[in-house]
file data35.txt (compact mmCIF, C-alpha atoms)
# COMPACT_ATOMS: atom_id res chain seq x y z
CA MET G 1123 19.29 -11.70 77.14
CA THR G 1124 17.43 -14.47 75.32
CA ALA G 1125 18.15 -16.91 78.15
CA GLY G 1126 16.92 -14.36 80.67
CA SER G 1127 13.78 -13.83 78.62
CA ALA G 1128 13.14 -17.56 78.58
CA VAL G 1129 13.50 -17.78 82.35
CA LEU G 1130 11.52 -14.68 83.21
CA ILE G 1131 8.84 -14.46 80.53
CA ASP G 1132 8.29 -18.08 79.49
CA GLY G 1133 9.01 -19.72 82.85
CA ALA G 1134 7.99 -17.22 85.50
CA GLY G 1135 5.34 -15.66 83.29
CA GLY G 1136 3.67 -18.99 82.60
CA LEU G 1137 3.77 -19.96 86.26
CA ALA G 1138 2.40 -16.60 87.40
CA LEU G 1139 -0.43 -16.67 84.86
CA GLY G 1140 -1.32 -20.21 85.85
CA VAL G 1141 -1.51 -19.24 89.51
CA ALA G 1142 -3.51 -16.11 88.65
CA TRP G 1143 -6.05 -18.12 86.66
CA LEU G 1144 -6.37 -20.74 89.42
CA LEU G 1145 -6.95 -18.01 91.98
CA GLY G 1146 -9.48 -16.26 89.77
CA ALA G 1147 -7.53 -12.99 89.50
CA PRO G 1148 -9.42 -10.21 87.67
CA ARG G 1149 -8.48 -9.91 84.02
CA TRP G 1150 -7.73 -6.22 84.40
CA ALA G 1151 -5.11 -7.02 87.08
CA VAL G 1152 -3.44 -9.63 84.86
CA ALA G 1153 -3.53 -7.25 81.87
CA THR G 1154 -1.94 -4.48 83.94
CA ALA G 1155 0.84 -6.81 85.10
CA GLN G 1156 1.47 -8.01 81.55
CA SER G 1157 1.68 -4.41 80.39
CA ALA G 1158 4.24 -3.52 83.09
CA ILE G 1159 6.41 -6.56 82.32
CA LEU G 1160 6.41 -5.89 78.60
CA ARG G 1161 7.07 -2.18 79.10
CA ALA G 1162 10.28 -2.94 81.03
CA TRP G 1163 11.27 -5.73 78.64
CA MET G 1164 10.78 -3.66 75.48
CA SER G 1165 12.50 -0.63 77.01
CA ILE G 1166 15.65 -2.75 77.02
CA TYR G 1167 15.34 -3.96 73.41
CA VAL G 1168 14.28 -0.63 71.95
CA GLY G 1169 16.74 1.23 74.18
CA HIS G 1170 19.60 -0.98 72.97
CA MET G 1171 18.88 -0.05 69.35
CA GLU G 1172 18.43 3.63 70.15
CA LEU G 1173 21.48 4.01 72.40
CA TYR G 1174 23.91 1.40 71.04
CA GLY G 1175 22.70 1.06 67.45
CA GLY G 1176 22.02 4.76 67.00
CA MET G 1177 18.43 4.36 65.79
CA THR G 1178 16.94 7.82 65.35
CA LEU G 1179 13.42 8.58 64.14
CA ALA G 1180 12.66 11.65 62.06
CA VAL G 1181 8.90 11.88 62.67
CA GLN G 1182 6.49 14.08 60.74
CA GLY G 1183 2.73 14.43 60.68
CA ASP G 1184 0.22 14.43 63.53
CA PRO G 1185 1.27 14.63 67.19
CA TYR G 1186 1.04 11.70 69.59
CA VAL G 1187 -2.10 11.18 71.65
CA PRO G 1188 -1.43 9.68 75.11
CA GLY G 1189 -3.77 7.11 76.63
CA GLU G 1190 -5.60 6.21 73.41
CA SER G 1191 -6.46 2.78 71.99
CA ALA G 1192 -5.90 2.64 68.25
CA LEU G 1193 -5.58 0.42 65.19
CA VAL G 1194 -2.17 1.02 63.62
CA VAL G 1195 -1.81 0.51 59.85
CA CYS G 1196 1.82 0.36 58.74
CA ASN G 1197 3.80 -0.58 55.64
CA HIS G 1198 6.16 -3.53 56.08
CA ARG G 1199 9.76 -3.68 54.88
CA SER G 1200 11.84 -5.20 57.67
CA TRP G 1201 11.97 -6.57 61.21
CA THR G 1202 13.03 -3.02 62.08
CA ASP G 1203 9.46 -1.84 61.43
CA THR G 1204 8.32 -3.43 64.68
CA ILE G 1205 11.11 -1.76 66.67
CA VAL G 1206 10.15 1.59 65.13
CA LEU G 1207 6.53 1.11 66.19
CA TYR G 1208 7.59 0.22 69.73
CA SER G 1209 9.75 3.36 69.81
CA LEU G 1210 6.79 5.46 68.68
CA ALA G 1211 4.57 3.83 71.31
CA ARG G 1212 7.22 4.56 73.95
CA GLN G 1213 6.74 8.29 73.32
CA VAL G 1214 3.35 8.01 75.07
CA GLY G 1215 4.22 5.13 77.42
CA ALA G 1216 2.25 2.59 75.36
CA HIS G 1217 5.13 0.22 74.52
CA GLY G 1218 3.83 -2.31 77.03
CA ASP G 1219 0.49 -2.41 75.23
CA VAL G 1220 1.43 -3.02 71.58
CA LYS G 1221 -0.48 -5.97 70.09
CA PHE G 1222 -0.07 -7.82 66.81
CA PHE G 1223 -1.90 -10.11 64.47
CA THR G 1224 0.90 -12.41 63.40
CA LYS G 1225 1.50 -15.63 61.50
CA ARG G 1226 0.69 -18.71 63.53
CA SER G 1227 4.04 -20.27 62.61
CA LEU G 1228 5.78 -17.67 64.81
CA LEU G 1229 4.15 -19.30 67.84
CA TRP G 1230 6.92 -21.91 67.62
CA PHE G 1231 9.72 -19.37 67.41
CA PRO G 1232 12.05 -20.14 70.36
CA VAL G 1233 11.40 -18.04 73.46
CA TYR G 1234 9.64 -15.15 71.76
CA GLY G 1235 6.66 -17.05 70.35
CA VAL G 1236 5.68 -18.30 73.79
CA ALA G 1237 6.50 -14.93 75.32
CA GLY G 1238 4.20 -13.27 72.79
CA VAL G 1239 1.30 -15.32 74.14
CA LEU G 1240 2.16 -15.02 77.81
CA CYS G 1241 2.68 -11.24 77.62
CA ASN G 1242 -0.54 -10.90 75.65
CA VAL G 1243 1.22 -9.41 72.63
CA CYS G 1244 0.24 -11.70 69.76
CA LEU G 1245 -2.98 -12.97 68.34
CA PHE G 1246 -1.84 -15.77 66.06
CA ILE G 1247 -3.58 -16.34 62.76
CA ARG G 1248 -3.40 -18.97 60.04
CA ARG G 1249 -2.63 -18.07 56.45
CA ASP G 1250 -5.27 -20.52 55.16
CA MET G 1251 -8.37 -18.30 55.51
CA THR G 1252 -9.20 -19.50 59.02
CA ALA G 1253 -8.14 -17.38 61.92
CA ALA G 1254 -9.29 -15.65 65.00
CA ALA G 1255 -10.05 -12.00 64.85
CA GLY G 1256 -11.14 -10.35 67.81
CA ALA G 1257 -11.79 -7.61 70.02
CA PHE G 1258 -9.85 -6.77 73.07
CA ALA G 1259 -12.99 -7.07 75.15
CA GLY G 1260 -11.89 -6.01 78.54
CA GLY G 1261 -9.25 -3.57 77.48
CA GLY G 1262 -6.69 -5.16 75.28
CA ASP G 1263 -6.99 -8.78 76.34
CA VAL G 1264 -6.01 -10.88 73.33
CA ALA G 1265 -7.47 -13.93 75.04
CA GLY G 1266 -10.90 -12.25 75.08
CA VAL G 1267 -11.82 -12.83 71.46
CA ALA G 1268 -15.16 -11.24 70.73
CA ALA G 1269 -15.64 -12.41 67.17
CA ALA G 1270 -14.26 -14.79 64.58
CA ALA G 1271 -13.32 -13.65 61.11
CA LYS G 1272 -11.37 -14.82 58.11
CA LEU G 1273 -8.11 -12.91 57.91
CA GLY G 1274 -5.87 -14.77 55.51
CA GLU G 1275 -6.06 -14.37 51.78
CA SER G 1276 -4.14 -15.78 48.87
CA PRO G 1277 -1.04 -13.71 48.08
CA ALA G 1278 -2.69 -12.08 45.10
CA SER G 1279 -6.21 -11.81 46.47
CA GLY G 1280 -5.91 -8.15 47.36
CA GLY G 1281 -8.92 -8.03 49.62
CA GLY G 1282 -12.62 -7.63 49.27
CA GLY G 1283 -15.45 -7.62 51.71
CA GLY G 1284 -14.87 -8.65 55.27
CA ALA G 1285 -16.57 -10.91 57.73
CA GLY G 1286 -18.79 -9.20 60.22
CA ALA G 1287 -17.88 -8.90 63.86
CA ALA G 1288 -19.73 -7.68 66.89
CA ALA G 1289 -18.73 -4.30 68.24
CA VAL G 1290 -17.07 -4.23 71.63
CA GLN G 1291 -18.17 -2.03 74.44
CA PRO G 1292 -15.43 0.16 75.90
CA PRO G 1293 -13.82 -1.26 79.05
CA ALA G 1294 -14.28 0.33 82.42
CA ALA G 1295 -12.37 3.59 82.36
CA GLY G 1296 -8.96 3.49 83.95
CA ARG G 1297 -8.94 -0.25 84.67
CA PHE G 1298 -7.46 -1.74 81.52
CA PRO G 1299 -4.46 -0.26 79.72
CA PRO G 1300 -5.12 1.15 76.24
CA PHE G 1301 -3.71 -0.79 73.28
CA TRP G 1302 -2.10 -0.29 69.89
CA LEU G 1303 -3.15 -3.10 67.53
CA ILE G 1304 -0.62 -3.32 64.69
CA ASN G 1305 -1.84 -4.26 61.21
CA TYR G 1306 0.66 -5.06 58.45
CA LEU G 1307 -1.99 -5.22 55.74
CA GLU G 1308 0.45 -6.16 52.99
CA GLY G 1309 0.67 -9.54 54.73
CA THR G 1310 4.38 -9.93 54.01
CA ARG G 1311 7.55 -7.93 53.56
CA LEU G 1312 8.10 -6.13 50.29
CA THR G 1313 10.36 -7.71 47.63
CA PRO G 1314 10.67 -7.06 43.86
CA ALA G 1315 8.86 -10.32 43.06
CA LYS G 1316 5.99 -9.49 45.39
CA VAL G 1317 5.74 -5.98 43.98
CA ALA G 1318 5.43 -7.40 40.47
CA GLN G 1319 2.79 -9.89 41.60
CA SER G 1320 0.83 -7.19 43.41
CA GLN G 1321 1.01 -4.84 40.41
CA ALA G 1322 -0.19 -7.54 38.01
CA PHE G 1323 -3.14 -8.32 40.24
CA ALA G 1324 -4.01 -4.65 40.71
CA ALA G 1325 -3.87 -3.98 36.95
CA SER G 1326 -6.14 -6.96 36.25
CA ARG G 1327 -8.74 -5.63 38.73
CA GLY G 1328 -8.55 -1.94 37.96
CA LEU G 1329 -7.01 -1.18 41.36
CA PRO G 1330 -4.17 1.24 42.18
CA VAL G 1331 -0.84 -0.02 40.81
CA LEU G 1332 1.68 0.63 43.59
CA THR G 1333 5.48 0.71 43.53
CA HIS G 1334 6.72 1.28 47.08
CA VAL G 1335 4.10 -0.81 48.92
CA LEU G 1336 1.99 -3.85 48.15
CA LEU G 1337 -1.75 -3.75 47.64
CA PRO G 1338 -3.31 -4.22 51.10
CA ARG G 1339 -5.26 -7.30 52.13
CA THR G 1340 -8.41 -5.81 53.52
CA LYS G 1341 -10.56 -8.55 55.04
CA GLY G 1342 -8.75 -8.77 58.36
CA PHE G 1343 -8.80 -5.03 58.95
CA THR G 1344 -12.47 -4.86 58.01
CA ALA G 1345 -13.28 -7.44 60.69
CA SER G 1346 -10.97 -5.81 63.26
CA ALA G 1347 -12.39 -2.33 62.69
CA ALA G 1348 -15.94 -3.61 63.06
CA ALA G 1349 -15.09 -5.52 66.24
CA LEU G 1350 -13.13 -2.71 67.84
CA ARG G 1351 -15.22 0.37 67.12
CA GLY G 1352 -16.35 0.49 70.72
CA ALA G 1353 -12.82 0.17 72.11
CA ALA G 1354 -10.45 1.92 69.67
CA THR G 1355 -10.95 5.62 69.03
CA ALA G 1356 -8.60 6.14 66.08
CA VAL G 1357 -6.62 4.61 63.24
CA TYR G 1358 -2.94 5.55 63.14
CA ASP G 1359 -1.69 5.58 59.55
CA VAL G 1360 2.08 5.06 59.92
CA THR G 1361 4.51 5.06 56.98
CA ILE G 1362 8.15 4.07 57.60
CA GLY G 1363 10.85 5.04 55.13
CA TYR G 1364 14.38 3.68 54.81
CA GLY G 1365 17.35 4.91 52.85
CA PRO G 1366 19.16 2.87 50.18
CA PRO G 1367 22.47 1.20 51.11
CA PRO G 1368 25.56 3.40 50.78
CA GLY G 1369 26.67 3.65 47.16
CA LEU G 1370 23.38 2.32 45.78
CA ALA G 1371 20.99 4.67 44.03
CA THR G 1372 17.54 5.01 45.55
CA ALA G 1373 15.77 3.67 42.49
CA ALA G 1374 17.99 0.59 42.37
CA GLY G 1375 17.79 -0.03 46.10
CA GLU G 1376 14.03 0.31 46.37
CA GLY G 1377 12.40 -3.06 46.97
CA THR G 1378 15.61 -5.09 47.06
CA GLY G 1379 15.49 -5.71 50.79
CA ALA G 1380 18.85 -3.96 51.22
CA LEU G 1381 17.84 -1.27 53.70
CA THR G 1382 19.67 1.38 55.67
CA PRO G 1383 19.72 1.02 58.57
CA SER G 1384 19.21 -2.74 58.70
CA PHE G 1385 17.87 -4.63 61.69
CA ASN G 1386 21.21 -6.44 62.15
CA SER G 1387 23.22 -3.21 62.02
CA LEU G 1388 21.05 -1.67 64.74
CA LEU G 1389 21.23 -4.77 66.88
CA TYR G 1390 24.89 -5.77 66.53
CA THR G 1391 26.98 -2.74 65.57
CA ALA G 1392 27.56 0.40 67.60
CA SER G 1393 27.11 3.78 65.95
CA LYS G 1394 28.23 7.16 67.24
CA THR G 1395 26.26 8.91 64.50
CA PRO G 1396 22.48 8.74 64.17
CA ARG G 1397 21.03 6.05 61.92
CA VAL G 1398 17.91 7.79 60.70
CA LEU G 1399 14.59 6.26 59.76
CA HIS G 1400 11.81 8.47 58.47
CA VAL G 1401 8.29 8.17 59.87
CA PHE G 1402 5.07 9.83 58.81
CA GLN G 1403 2.11 9.40 61.15
CA ARG G 1404 -1.50 10.43 60.65
CA ARG G 1405 -4.28 10.13 63.21
CA ILE G 1406 -7.70 9.30 61.74
CA PRO G 1407 -10.66 9.35 64.18
CA MET G 1408 -12.76 6.18 64.00
CA GLU G 1409 -15.75 8.34 63.10
CA GLU G 1410 -14.04 9.04 59.76
CA VAL G 1411 -13.36 5.35 59.02
CA PRO G 1412 -16.13 3.80 56.87
CA SER G 1413 -18.22 1.13 58.59
CA ASP G 1414 -19.50 -0.43 55.38
CA ALA G 1415 -17.19 -3.27 54.27
CA ALA G 1416 -17.07 -2.26 50.59
CA ALA G 1417 -16.48 1.40 51.41
CA LEU G 1418 -13.77 0.46 53.91
CA THR G 1419 -12.01 -1.67 51.28
CA ASP G 1420 -11.90 1.28 48.88
CA TRP G 1421 -10.75 3.52 51.74
CA LEU G 1422 -7.82 1.17 52.46
CA TYR G 1423 -6.80 1.09 48.80
CA ALA G 1424 -6.77 4.90 48.79
CA LEU G 1425 -4.79 4.94 52.05
CA TYR G 1426 -2.09 2.68 50.56
CA ALA G 1427 -2.00 4.72 47.35
CA ALA G 1428 -1.26 7.74 49.57
CA LYS G 1429 1.48 5.76 51.34
CA ASP G 1430 2.98 4.93 47.96
CA ALA G 1431 3.01 8.59 46.93
CA ARG G 1432 4.49 9.54 50.30
CA LEU G 1433 7.36 7.06 49.89
CA ALA G 1434 7.97 8.28 46.34
CA HIS G 1435 8.31 11.81 47.75
CA LEU G 1436 10.76 10.52 50.37
CA ALA G 1437 12.85 8.82 47.67
CA ALA G 1438 12.94 12.01 45.61
CA HIS G 1439 13.42 14.59 48.37
CA GLY G 1440 14.92 12.75 51.35
CA SER G 1441 12.07 13.50 53.75
CA PHE G 1442 8.33 13.26 54.14
CA GLU G 1443 6.07 16.29 53.92
CA GLY G 1444 4.41 17.56 57.07
CA PRO G 1445 5.19 19.29 60.35
CA PRO G 1446 7.95 17.73 62.49
CA VAL G 1447 6.93 15.77 65.57
CA ALA G 1448 9.25 15.59 68.57
CA TRP G 1449 10.84 12.19 69.18
CA THR G 1450 13.00 11.50 72.24
CA ARG G 1451 15.58 8.79 72.71
CA ILE G 1452 15.33 6.63 75.82
CA THR G 1453 17.68 7.81 78.58
CA TRP G 1454 20.61 5.75 79.83
CA ARG G 1455 19.13 5.98 83.32
CA ARG G 1456 15.85 4.45 82.16
CA PHE G 1457 17.65 1.82 80.13
CA PHE G 1458 19.90 0.63 82.97
CA GLY G 1459 17.01 0.82 85.45
CA CYS G 1460 14.93 -1.54 83.31
CA LEU G 1461 17.97 -3.77 82.76
CA ALA G 1462 18.55 -3.99 86.53
CA ILE G 1463 14.89 -4.80 87.18
CA PHE G 1464 14.93 -7.45 84.45
CA TRP G 1465 17.98 -9.33 85.71
CA ALA G 1466 16.96 -8.94 89.34
CA ALA G 1467 13.65 -10.58 88.45
CA VAL G 1468 15.50 -13.36 86.61
CA GLY G 1469 17.65 -13.89 89.70
CA VAL G 1470 14.63 -14.07 91.99
CA VAL G 1471 12.96 -16.61 89.71
CA LEU G 1472 16.09 -18.78 89.61
CA CYS G 1473 16.42 -18.64 93.41
CA VAL G 1474 12.80 -19.69 93.83
CA VAL G 1475 13.26 -22.56 91.38
CA VAL G 1476 16.44 -23.76 93.12
CA ALA G 1477 14.78 -23.55 96.55
CA ALA G 1478 11.76 -25.47 95.28
CA LEU G 1479 13.95 -28.19 93.78
CA ARG G 1480 15.88 -28.52 97.03
CA LEU G 1481 12.64 -28.72 98.99
CA LEU G 1482 11.27 -31.37 96.68
CA GLY G 1483 14.58 -33.26 96.83
CA GLY G 1484 14.58 -33.17 100.61
CA THR G 1485 10.98 -34.35 100.78
CA GLY G 1486 11.68 -37.20 98.41
CA GLY G 1487 14.72 -38.32 100.34
CA GLY G 1488 12.87 -38.31 103.63
CA GLY G 1489 10.12 -40.59 102.30
call {"tool": "encode", "arguments": {"input": "data35.txt", "output": "structure tokens"}}
result
Amino acid sequence: MTAGSAVLIDGAGGLALGVAWLLGAPRWAVATAQSAILRAWMSIYVGHMELYGGMTLAVQGDPYVPGESALVVCNHRSWTDTIVLYSLARQVGAHGDVKFFTKRSLLWFPVYGVAGVLCNVCLFIRRDMTAAAGAFAGGGDVAGVAAAAKLGESPASGGGGGAGAAAVQPPAAGRFPPFWLINYLEGTRLTPAKVAQSQAFAASRGLPVLTHVLLPRTKGFTASAAALRGAATAVYDVTIGYGPPPGLATAAGEGTGALTPSFNSLLYTASKTPRVLHVFQRRIPMEEVPSDAAALTDWLYALYAAKDARLAHLAAHGSFEGPPVAWTRITWRRFFGCLAIFWAAVGVVLCVVVAALRLLGGTGGGG
């Protein structure tokens, strides 16, 4: 699968984008193509974990809203978090339009770093206070950065005011796909050492002392919210809960990194019984999100304090509070259809490459 991804996404994707740029293709057409490619590609990955790995989401809270652009604020425990968010997005057909701010070092991750750029998934940032923040001016185009902002903060900085950014006008209706911009505001995955560091910082500043999440870093979200008020219509507050490993008490397992189910178990081991992850989702209209930087910082601290309380309730009672929300597993028919399209596309690309090499070889020999 990785080799196929390299051929199709990195090779064919790069070539196709290069040709599109040279021919002056409209950005909305390129964005739509990127969305379709990623939707098929992620249907395979997410479908594998749902069908083979048994990943099952127990979702509670607000219902899904189809066709909406949103900023997604999620706690961060594991690589599995990203798969969960893609599975949620798939419920409304948005899994081809999930975008991330991510560490710049991941740009050099084999295959997937390059694919993240070519499929318009990732906006890479630096952890040294200099980074691009931007608006998806033109409907989710990461390349169309509308403003620059400082996103990175020292591990214990906790946040503060944000850099300003120009608001983006909504794209032409129906031309660009909507987007989900994922924000892991903790900046890193939760570990006992990081919890202790976050708690010490919070106590020294009179901020909420949290146990199940880290204190959020607020500057990046402040800039993103300001830049995207004209394009995103809501904030999705998503909280993901895991169970402790078998035989380990919840209190002891919390924060150790030993999660059930783990990313590797979902990816590599088959399960005939559901492997359940708990999800609470809350839709907050952008009109209710403060526009003042200081007020927004306080709002984010309160939001993460609520996440912490929510996770404490999950640890004590085994579920979140709130009405259940329907979640459907991908069908085998959809999964194999996307798999067939994927490998057929890889085959076409390889045939084109071989034919081109033969043509070039013949031309060279005839000279």
call {"tool": "residues_around", "arguments": {"input": "data35.txt", "residues": "Thr1391 (chain G)", "least_positions_apart": "3", "cutoff": "7 Å", "atoms": "all atoms listed in the file", "output": "MDAnalysis selection string"}}
result
chainID G and resid 1175 1387:1388
call {"tool": "residues_around", "arguments": {"input": "data35.txt", "residues": "Gly1183 (chain G)", "least_positions_apart": "6", "cutoff": "12 Å", "atoms": "all atoms listed in the file", "output": "PyMOL selection string"}}
result
chain G and resi 1358-1361+1400-1406+1432+1441-1449
call {"tool": "write_last_selection", "arguments": {"input": "data35.txt", "atoms": "C-alpha atoms", "output": "compact mmCIF listing (two decimals), in the frame of the given file"}}
result
# COMPACT_ATOMS: atom_id res chain seq x y z
CA TYR G 1358 -2.94 5.55 63.14
CA ASP G 1359 -1.69 5.58 59.55
CA VAL G 1360 2.08 5.06 59.92
CA THR G 1361 4.51 5.06 56.98
CA HIS G 1400 11.81 8.47 58.47
CA VAL G 1401 8.29 8.17 59.87
CA PHE G 1402 5.07 9.83 58.81
CA GLN G 1403 2.11 9.40 61.15
CA ARG G 1404 -1.50 10.43 60.65
CA ARG G 1405 -4.28 10.13 63.21
CA ILE G 1406 -7.70 9.30 61.74
CA ARG G 1432 4.49 9.54 50.30
CA SER G 1441 12.07 13.50 53.75
CA PHE G 1442 8.33 13.26 54.14
CA GLU G 1443 6.07 16.29 53.92
CA GLY G 1444 4.41 17.56 57.07
CA PRO G 1445 5.19 19.29 60.35
CA PRO G 1446 7.95 17.73 62.49
CA VAL G 1447 6.93 15.77 65.57
CA ALA G 1448 9.25 15.59 68.57
CA TRP G 1449 10.84 12.19 69.18
call {"tool": "closest_residue", "arguments": {"input": "data35.txt", "among": "G:Ala1415, G:Leu1337, G:Thr1178, G:Ala1431", "to": "Lys1394 (chain G)", "atoms": "only C-alpha atoms"}}
result
G:Thr1178
call {"tool": "atom_distance", "arguments": {"input": "data35.txt", "atom1": "CA of Gln1319 (chain G)", "atom2": "CA of Trp1421 (chain G)"}}
result
21.6 Å
call {"tool": "closest_atom_pairs", "arguments": {"input": "data35.txt", "of": "region 1151-1217 of chain G", "to": "region 1459-1464 of chain G", "cutoff": "12 Å", "atoms": "all atoms listed in the file", "output": "CSV"}}
result
residue,atom,partner,partner_atom,distance
G:Ala1158,CA,G:Cys1460,CA,10.9
G:Ile1159,CA,G:Phe1464,CA,8.8
G:Leu1160,CA,G:Phe1464,CA,10.5
G:Arg1161,CA,G:Cys1460,CA,8.9
G:Ala1162,CA,G:Cys1460,CA,5.4
G:Trp1163,CA,G:Phe1464,CA,7.1
G:Met1164,CA,G:Cys1460,CA,9.1
G:Ser1165,CA,G:Cys1460,CA,6.8
G:Ile1166,CA,G:Leu1461,CA,6.3
G:Tyr1167,CA,G:Leu1461,CA,9.7
G:Val1168,CA,G:Cys1460,CA,11.4
G:Gly1169,CA,G:Cys1460,CA,9.7
G:His1170,CA,G:Leu1461,CA,10.3
call {"tool": "atom_distance", "arguments": {"input": "data35.txt", "atom1": "CA of Gly1440 (chain G)", "atom2": "CA of Ala1356 (chain G)"}}
result
28.5 Å
call {"tool": "residues_around", "arguments": {"input": "data35.txt", "residues": "Leu1179 (chain G)", "least_positions_apart": "6", "cutoff": "9 Å", "atoms": "only C-alpha atoms", "output": "list in words"}}
result
Val1206, Ser1209, Leu1210, Arg1397, Val1398, Leu1399, His1400, Val1401, Trp1449, Thr1450 and Arg1451 of chain G
call {"tool": "atom_distance", "arguments": {"input": "data35.txt", "atom1": "CA of Tyr1208 (chain G)", "atom2": "CA of Val1195 (chain G)"}}
result
13.6 Å
call {"tool": "residues_around", "arguments": {"input": "data35.txt", "residues": "region 1309-1311 of chain G", "least_positions_apart": "3", "cutoff": "7 Å", "atoms": "all atoms listed in the file", "output": "PyMOL selection string"}}
result
chain G and resi 1198-1200+1306+1339
call {"tool": "residues_around", "arguments": {"input": "data35.txt", "residues": "Val1194 (chain G)", "least_positions_apart": "3", "cutoff": "6 Å", "atoms": "all atoms listed in the file", "output": "list of chain:residue names"}}
result
G:Leu1303, G:Ile1304, G:Asn1305, G:Val1357, G:Tyr1358
